[in-house]
Amino acid sequence: MPKLSKSFINQIKDLSYPDKTFTDDEIKKLAIRIQGNKKSWILTYRMNGKQEKMTLGSIFERTPEDVRAEAIELLDMINKGINPKDHRNQARNILNISELCDLYMTEGVTHKKESTLKIDKGRITHHIKPLIGNIRLSELNTGDIERMMIKIMNGDIKSAQEQCKKRGRSRVTGGKEAANRTVQLLSAILNFARHRELIDKNPAKFVKRPKTPAKETFLDPQDIKYLGTILKHPLYCDKKEAINAIKLLLLTGCRKNEILSLRWDFIDFDNQCFRFPDTKTGKQNRVFGIAALRLLKEIKSKNKSPWVFPATKGEGHYVGLPKIFTKICSSKLMNDCADSVTTFSQPNIKLHSLRHTFASISNLLGYNDFTIAGMLGHHIKTTTARYSHNVDSALILAANHVSEYINNLLEGYDNELTSK
């Protein structure tokens, strides 16, 4: 019997069986049960001569340490003649949605990043709790959730009032996207409750959420040439950190925080890759192209900080890029014609649009979705991806091609569109 540790969970998380159980070697009554893609912690015990099984949650939501601690408490209750299922049934009748949200944020989010938790907390505080927080979990139905969703869409909510913050004030409003995301989060919370056997079914599953338009804005080749023109403008000559960060984002397709928090010891110059200790999808090696390599070497020759982009004040990394990029994107530089101006082809260009731009240019150059996903560091659930720890030379060649194409556009050259 294996010890049901974090490393063991990493080995089985992508496996699928019709019905298979792994029992812990220390707490014999604790096990992981796999039923298709569903993988749950279960406690098996006998009460009044009858065998009982109790689900303690998904392996993706709870850590082994947390589950072991609860299992020990439950086994103590069983030894005293208390059936934990009866105790749970009493709890489900008095638990309301606010209390369930608190339980979820304490025990159901171990798989989430800190940035995601901050967003979840905001949606719970400003939308879910004010509107349906007092409803008992056992009484919540699809209609309650639909009414909550409609109020958020219309902005007719308590959370639309101004919220106090440490620095200034923020106004939380509604809309279709806010409603969509809030129902999506509530569904995850109710799935957590279902795994804990607090409810039999998820009432949010049947809610028809509003469709929101895709926001994948990106720069086309002419836009990239225009951006290159702006970055060379005397107006921004003293913004070298910002200019280089924008270029590196565009040349690599990395996420904003991956570049702004980049350290020199994360960069493998010989193998042409970033060795990120943590990303949105965990620890990762990410290739970068030859144009990005040249830029990094140029920056390093003038940089003594452990950060590629050090802060202008203090010892941390640079954080002021979003404000400068917004200013750059609102620029309207005069062309040769005195009465004409140039702007980007799409409105609402954001820093994340540079990542979409890298993907768009890669597609334009003929690379398939799998190759683009590899260059962007998307999580790919394949056997090859799970066991591949080396840098893929084919991805480096692709990254070279894409980065050179983008760099030429930034320099103002008209590229001939040559596919891989």
# chains A, B, ... in the order shown; residues from 1 in each chain; ligands from 1
>>> select_by_dssp(residues="region 143-371 of chain A", states="strand (DSSP E)", output="list of chain:residue names")
A:Glu162, A:Gln163, A:Cys164, A:Arg169, A:Ser170, A:Arg171, A:Ile267, A:Asp268, A:Cys273, A:Phe274, A:Arg275, A:Phe276, A:Gln284, A:Asn285, A:Arg286, A:Val287
>>> residues_around(residues="Cys273 (chain A)", least_positions_apart="5", cutoff="9 Å", atoms="only C-alpha atoms", output="number ranges by chain")
A: 266-268, 285-289, 391, 396
>>> residues_around(residues="Thr252 (chain A)", least_positions_apart="4", cutoff="10 Å", atoms="only C-alpha atoms", output="list in words")
Lys247, Leu248, Ile259, Arg286, Val287, Phe288, Gly289, Ile290, Ala291, Ala292, Leu293, Leu354, Arg355, Phe358, Ala359, Met375, Leu376, Ala399, Asn400, Val402, Ser403 and Ile406 of chain A
>>> closest_atom_pairs(of="region 157-259 of chain A", to="region 343-348 of chain A", cutoff="8 Å", atoms="only C-alpha atoms", output="CSV")
residue,atom,partner,partner_atom,distance
A:Thr217,CA,A:Gln346,CA,6.9
A:Phe218,CA,A:Gln346,CA,7.5
A:Leu219,CA,A:Phe344,CA,7.5
A:Asp220,CA,A:Ser345,CA,7.7
A:Asp223,CA,A:Phe344,CA,5.6
A:Tyr226,CA,A:Phe344,CA,7.6
>>> select_by_dssp(residues="region 73-245 of chain A", states="helix (DSSP H, G or I)", output="PyMOL selection string")
chain A and resi 73-79+84-94+97-107+114-132+137-139+142-154+158-160+176-195+203-206+221-231+234-236+240-245
